[in-house]
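J.: Just start_31.cif, nothing more (mmCIF, C-alpha atoms and all ligand atoms):
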```cif
data_start
#
loop_
_atom_site.group_PDB
_atom_site.id
_atom_site.type_symbol
_atom_site.label_atom_id
_atom_site.label_comp_id
_atom_site.auth_asym_id
_atom_site.auth_seq_id
_atom_site.Cartn_x
_atom_site.Cartn_y
_atom_site.Cartn_z
ATOM 1 C CA MET C 1 122.562 159.238 143.171
ATOM 2 C CA THR C 2 119.216 160.159 144.554
ATOM 3 C CA GLU C 3 117.794 163.263 142.995
ATOM 4 C CA ILE C 4 115.303 165.430 144.766
ATOM 5 C CA GLN C 5 112.541 166.145 142.311
ATOM 6 C CA ALA C 6 110.322 169.057 143.177
ATOM 7 C CA GLY C 7 107.581 168.478 140.675
ATOM 8 C CA PHE C 8 106.393 168.906 137.139
ATOM 9 C CA ASP C 9 104.888 172.294 136.380
ATOM 10 C CA TRP C 10 102.870 173.210 133.343
ATOM 11 C CA SER C 11 104.538 175.701 131.038
ATOM 12 C CA ASP C 12 102.875 177.528 128.159
ATOM 13 C CA ARG C 13 105.778 176.446 125.997
ATOM 14 C CA TYR C 14 104.026 173.078 125.874
ATOM 15 C CA LEU C 15 101.049 174.627 124.072
ATOM 16 C CA LEU C 16 100.622 173.230 120.573
ATOM 17 C CA GLY C 17 97.581 175.193 119.428
ATOM 18 C CA TYR C 18 95.070 172.361 119.128
ATOM 19 C CA ALA C 19 92.861 172.913 122.148
ATOM 20 C CA PRO C 20 91.661 169.342 122.799
ATOM 21 C CA MET C 21 95.287 168.162 122.798
ATOM 22 C CA ASP C 22 96.482 171.053 124.958
ATOM 23 C CA ASP C 23 93.766 170.232 127.516
ATOM 24 C CA THR C 24 94.860 166.597 127.593
ATOM 25 C CA HIS C 25 98.492 167.642 128.005
ATOM 26 C CA ARG C 26 97.661 169.881 130.960
ATOM 27 C CA GLU C 27 96.010 166.887 132.598
ATOM 28 C CA PHE C 28 99.070 164.759 131.830
ATOM 29 C CA VAL C 29 101.366 167.244 133.571
ATOM 30 C CA THR C 30 99.054 167.489 136.597
ATOM 31 C CA LEU C 31 98.882 163.718 137.015
ATOM 32 C CA VAL C 32 102.631 163.180 136.606
ATOM 33 C CA ASP C 33 103.205 165.973 139.107
ATOM 34 C CA ALA C 34 100.983 164.052 141.545
ATOM 35 C CA LEU C 35 103.084 160.904 140.993
ATOM 36 C CA LEU C 36 106.139 162.874 142.066
ATOM 37 C CA LYS C 37 104.577 164.534 145.089
ATOM 38 C CA VAL C 38 101.864 162.456 146.739
ATOM 39 C CA PRO C 39 102.724 160.548 149.918
ATOM 40 C CA ASP C 40 103.446 156.842 149.477
ATOM 41 C CA ALA C 41 100.027 155.908 150.851
ATOM 42 C CA GLU C 42 98.332 157.722 147.951
ATOM 43 C CA LEU C 43 100.643 156.480 145.259
ATOM 44 C CA GLU C 44 98.519 153.557 144.095
ATOM 45 C CA GLN C 45 95.528 155.823 143.584
ATOM 46 C CA ALA C 46 97.658 158.391 141.747
ATOM 47 C CA LEU C 47 99.166 155.712 139.515
ATOM 48 C CA THR C 48 95.725 154.324 138.675
ATOM 49 C CA ALA C 49 94.548 157.824 137.759
ATOM 50 C CA PHE C 50 97.622 158.359 135.600
ATOM 51 C CA ALA C 51 97.228 154.968 133.870
ATOM 52 C CA GLU C 52 93.596 155.737 133.018
ATOM 53 C CA HIS C 53 94.632 159.120 131.682
ATOM 54 C CA ALA C 54 97.475 157.619 129.622
ATOM 55 C CA VAL C 55 95.185 155.090 127.957
ATOM 56 C CA ALA C 56 92.651 157.785 127.051
ATOM 57 C CA HIS C 57 95.343 160.325 126.025
ATOM 58 C CA PHE C 58 97.105 157.922 123.686
ATOM 59 C CA GLU C 59 93.889 156.427 122.289
ATOM 60 C CA GLN C 60 92.664 159.921 121.509
ATOM 61 C CA GLU C 61 95.812 160.807 119.563
ATOM 62 C CA ASP C 62 95.938 157.403 117.850
ATOM 63 C CA ARG C 63 92.308 157.914 116.787
ATOM 64 C CA TRP C 64 93.045 161.406 115.445
ATOM 65 C CA MET C 65 95.946 160.033 113.423
ATOM 66 C CA ARG C 66 94.060 157.075 111.994
ATOM 67 C CA GLY C 67 90.903 159.058 111.342
ATOM 68 C CA SER C 68 92.635 161.838 109.430
ATOM 69 C CA ASP C 69 95.099 160.017 107.173
ATOM 70 C CA PHE C 70 97.957 161.517 109.147
ATOM 71 C CA PRO C 71 101.101 160.604 107.189
ATOM 72 C CA ALA C 72 103.500 159.631 110.024
ATOM 73 C CA THR C 73 101.437 157.488 112.334
ATOM 74 C CA ASP C 74 103.512 154.393 113.096
ATOM 75 C CA CYS C 75 106.363 155.633 115.258
ATOM 76 C CA HIS C 76 104.030 157.877 117.230
ATOM 77 C CA VAL C 77 101.608 155.015 117.974
ATOM 78 C CA ASP C 78 104.569 152.778 118.874
ATOM 79 C CA GLU C 79 105.917 155.323 121.331
ATOM 80 C CA HIS C 80 102.537 155.528 123.070
ATOM 81 C CA ALA C 81 102.401 151.730 123.270
ATOM 82 C CA ARG C 82 105.880 151.553 124.807
ATOM 83 C CA VAL C 83 104.936 154.042 127.501
ATOM 84 C CA LEU C 84 101.810 152.052 128.360
ATOM 85 C CA VAL C 85 103.868 148.862 128.693
ATOM 86 C CA SER C 86 106.110 150.633 131.200
ATOM 87 C CA VAL C 87 103.109 151.936 133.134
ATOM 88 C CA ARG C 88 101.659 148.425 133.396
ATOM 89 C CA GLU C 89 105.006 147.034 134.576
ATOM 90 C CA VAL C 90 105.299 149.734 137.204
ATOM 91 C CA GLN C 91 101.743 149.037 138.404
ATOM 92 C CA GLN C 92 102.777 145.414 138.940
ATOM 93 C CA GLU C 93 105.898 146.491 140.821
ATOM 94 C CA LEU C 94 103.907 148.834 143.017
ATOM 95 C CA ALA C 95 101.553 145.982 143.850
ATOM 96 C CA LYS C 96 104.636 144.208 145.242
ATOM 97 C CA GLY C 97 105.434 147.258 147.361
ATOM 98 C CA HIS C 98 108.082 148.911 145.193
ATOM 99 C CA VAL C 99 107.380 152.586 145.677
ATOM 100 C CA ASP C 100 110.623 154.015 144.288
ATOM 101 C CA ILE C 101 109.955 152.674 140.821
ATOM 102 C CA VAL C 102 106.810 154.809 140.596
ATOM 103 C CA ARG C 103 108.807 157.941 141.367
ATOM 104 C CA LYS C 104 111.351 156.890 138.741
ATOM 105 C CA LEU C 105 108.567 156.404 136.204
ATOM 106 C CA ALA C 106 107.252 159.872 137.004
ATOM 107 C CA GLN C 107 110.697 161.386 136.433
ATOM 108 C CA ALA C 108 111.065 159.449 133.196
ATOM 109 C CA LEU C 109 107.662 160.713 132.033
ATOM 110 C CA MET C 110 108.602 164.274 132.917
ATOM 111 C CA ASN C 111 111.777 163.939 130.852
ATOM 112 C CA TRP C 112 109.968 162.192 128.015
ATOM 113 C CA PHE C 113 107.031 164.544 127.558
ATOM 114 C CA PRO C 114 108.668 167.729 126.163
ATOM 115 C CA GLY C 115 110.455 165.843 123.387
ATOM 116 C CA HIS C 116 107.411 163.761 122.535
ATOM 117 C CA ALA C 117 105.238 166.882 122.422
ATOM 118 C CA ASP C 118 107.794 168.805 120.310
ATOM 119 C CA TYR C 119 108.568 166.126 117.773
ATOM 120 C CA LEU C 120 105.435 164.003 117.491
ATOM 121 C CA ASP C 121 102.414 165.678 119.054
ATOM 122 C CA SER C 122 103.183 169.072 117.514
ATOM 123 C CA ALA C 123 103.032 167.646 113.985
ATOM 124 C CA LEU C 124 99.697 166.014 114.767
ATOM 125 C CA ALA C 125 98.342 169.223 116.340
ATOM 126 C CA ALA C 126 99.317 171.227 113.249
ATOM 127 C CA TRP C 127 97.726 168.594 111.038
ATOM 128 C CA MET C 128 94.463 168.594 112.980
ATOM 129 C CA VAL C 129 94.226 172.385 112.960
ATOM 130 C CA LYS C 130 94.997 172.520 109.267
ATOM 131 C CA ARG C 131 92.292 169.987 108.535
ATOM 132 C CA SER C 132 89.662 171.856 110.516
ATOM 133 C CA HIS C 133 90.558 175.453 109.615
ATOM 134 C CA GLY C 134 92.799 175.240 106.581
ATOM 135 C CA GLY C 135 95.580 177.113 108.374
ATOM 136 C CA LYS C 136 98.422 176.864 110.851
ATOM 137 C CA PRO C 137 97.693 176.619 114.574
ATOM 138 C CA VAL C 138 97.438 179.882 116.437
ATOM 139 C CA VAL C 139 99.154 179.552 119.784
ATOM 140 C CA PHE C 140 98.367 182.180 122.391
ATOM 141 C CA ARG C 141 101.116 182.275 124.926
ATOM 142 C CA ARG C 142 100.929 184.466 127.970
ATOM 143 C CA ASP C 143 103.926 186.587 126.985
ATOM 144 C CA SER C 144 102.628 187.232 123.456
ATOM 145 C CA ALA C 145 98.901 187.525 124.189
ATOM 146 C CA LYS C 146 99.162 191.045 125.595
ATOM 147 C CA ALA C 147 100.783 192.512 122.460
HETATM 148 FE FE FE B 1 100.101 163.812 123.725
HETATM 149 FE FE FE B 2 101.564 161.571 121.466
#
```
Step by step, read the file and then write its structure as structure tokens.
Ligand SMILES: [Fe+2]
Ligand SMILES: [Fe+2]
T.:
Amino acid sequence: MTEIQAGFDWSDRYLLGYAPMDDTHREFVTLVDALLKVPDAELEQALTAFAEHAVAHFEQEDRWMRGSDFPATDCHVDEHARVLVSVREVQQELAKGHVDIVRKLAQALMNWFPGHADYLDSALAAWMVKRSHGGKPVVFRRDSAKA
């Protein structure tokens, strides 16, 4: 059951209204898309770039949570840590020449991200916006921005 995976495209439905997080999430999508599409010869470089991004992405959110007394930190931090463990394992497998496992990781990340963003990141984004502006996040989506 080999699935052909075209790629991972950004969608404005991923916007959460906290700009620093939205910028990071765009980068996440771009780097996972590269993991799906680059030729095998460029896969190690793409995986290194993704791993560096993932560390910074998750550290940034963990820092926001811990620095703002966010009430539901633990399961979110744990989920980040689990993803990083998988990334490290896949880096080791790639070093042994296992290319397919990188593509599988990329597909798993593509499937994982929307749920993680909806259930965990969105609460943090709302919290961060509320702290800085005292209100709910304003999300400008392309289809609503022209109204
Ligand atoms: Fe995130
Ligand atoms: Fe997160």
J.: Could you tell me, as JSON, numbers by chain, exactly which residues end up selected when the PyMOL selection byres (((chain C and resi 68-74) around 9) and not hetatm) is applied to this structure?
T.: {"C": [62, 63, 64, 65, 66, 67, 75, 76, 77, 78, 79, 120, 123, 124, 127, 128, 131]}
J.: What are the closest atom pairs, with distances in Å to one decimal, for each residue of chain C lying within 7 Å of ligand FE 2 (chain B), using only C-alpha atoms and all ligand atoms, rows by chain and rising residue number, as CSV?
T.:
```
residue,atom,partner,partner_atom,distance
C:Phe58,CA,B:FE2,FE,6.2
C:Glu61,CA,B:FE2,FE,6.1
C:His76,CA,B:FE2,FE,6.1
C:His80,CA,B:FE2,FE,6.3
C:His116,CA,B:FE2,FE,6.3
C:Ala117,CA,B:FE2,FE,6.5
C:Leu120,CA,B:FE2,FE,6.1
C:Asp121,CA,B:FE2,FE,4.8
```
J.: What does the PyMOL selection byres (((chain C and resi 96-106) around 6) and not hetatm) select in this file, as a list of chain:residue names?
T.: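 This file gives the following for the PyMOL selection byres (((chain C and resi 96-106) around 6) and not hetatm): C:Val32, C:Leu35, C:Leu36, C:Glu93, C:Leu94, C:Ala95, C:Gln107, C:Ala108, C:Leu109.
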J.: For each of C:Gln92, C:Gln60, C:Thr30, C:Gln45, take the minimum atom-to-atom distance to ligand FE 1 (chain B), counting all atoms listed in the file, then give the residue where this is smallest.
T.: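 Of all the options, C:Gln60 lies closest to ligand FE 1 (chain B).
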J.: May I have the residues at most 10 Å from (105.1, 162.1, 146.8) in the file's coordinates, counting only C-alpha atoms, as a list in words?
T.: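 With a cut-off of 10 Å, the residues come to Gln5, Ala6, Gly7, Asp33, Ala34, Leu35, Leu36, Lys37, Val38, Pro39, Asp40, Ala41, Glu42, Leu43, Ala46, Val99, Val102 and Arg103 of chain C.
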J.: Mind writing the picked residues with C-alpha atoms as an mmCIF file, in the frame of the given file?
T.:
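Output saved as part-v8.cif:
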```cif
data_model
loop_
_atom_site.group_PDB
_atom_site.id
_atom_site.type_symbol
_atom_site.label_atom_id
_atom_site.label_comp_id
_atom_site.auth_asym_id
_atom_site.auth_seq_id
_atom_site.Cartn_x
_atom_site.Cartn_y
_atom_site.Cartn_z
ATOM 1 C CA GLN C 5 112.541 166.145 142.311
ATOM 2 C CA ALA C 6 110.322 169.057 143.177
ATOM 3 C CA GLY C 7 107.581 168.478 140.675
ATOM 4 C CA ASP C 33 103.205 165.973 139.107
ATOM 5 C CA ALA C 34 100.983 164.052 141.545
ATOM 6 C CA LEU C 35 103.084 160.904 140.993
ATOM 7 C CA LEU C 36 106.139 162.874 142.066
ATOM 8 C CA LYS C 37 104.577 164.534 145.089
ATOM 9 C CA VAL C 38 101.864 162.456 146.739
ATOM 10 C CA PRO C 39 102.724 160.548 149.918
ATOM 11 C CA ASP C 40 103.446 156.842 149.477
ATOM 12 C CA ALA C 41 100.027 155.908 150.851
ATOM 13 C CA GLU C 42 98.332 157.722 147.951
ATOM 14 C CA LEU C 43 100.643 156.480 145.259
ATOM 15 C CA ALA C 46 97.658 158.391 141.747
ATOM 16 C CA VAL C 99 107.380 152.586 145.677
ATOM 17 C CA VAL C 102 106.810 154.809 140.596
ATOM 18 C CA ARG C 103 108.807 157.941 141.367
#
```
J.: Can you measure atom CA of C:Trp112 to atom CA of C:Arg82 for me? One decimal in Å is fine.
T.: 11.8 Å
J.: Using only C-alpha atoms and all ligand atoms, which residue out of C:Leu47, C:Ala81, C:Val87, C:Met21 lies closest to ligand FE 1 (chain B)?
T.: C:Met21
J.: Counting all atoms listed in the file, which of C:Glu44, C:Asp23, C:Glu52, C:Glu89 gets nearest to ligand FE 1 (chain B)?
T.: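 Selected residue with least distance to ligand FE 1 (chain B): C:Asp23.
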J.: Looking at C:Met110, C:Ala49, C:Val139, C:Ala125, which one is nearest to ligand FE 1 (chain B), with distances taken over only C-alpha atoms and all ligand atoms?
T.: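 Distance minimum relative to ligand FE 1 (chain B) lands on C:Ala125.
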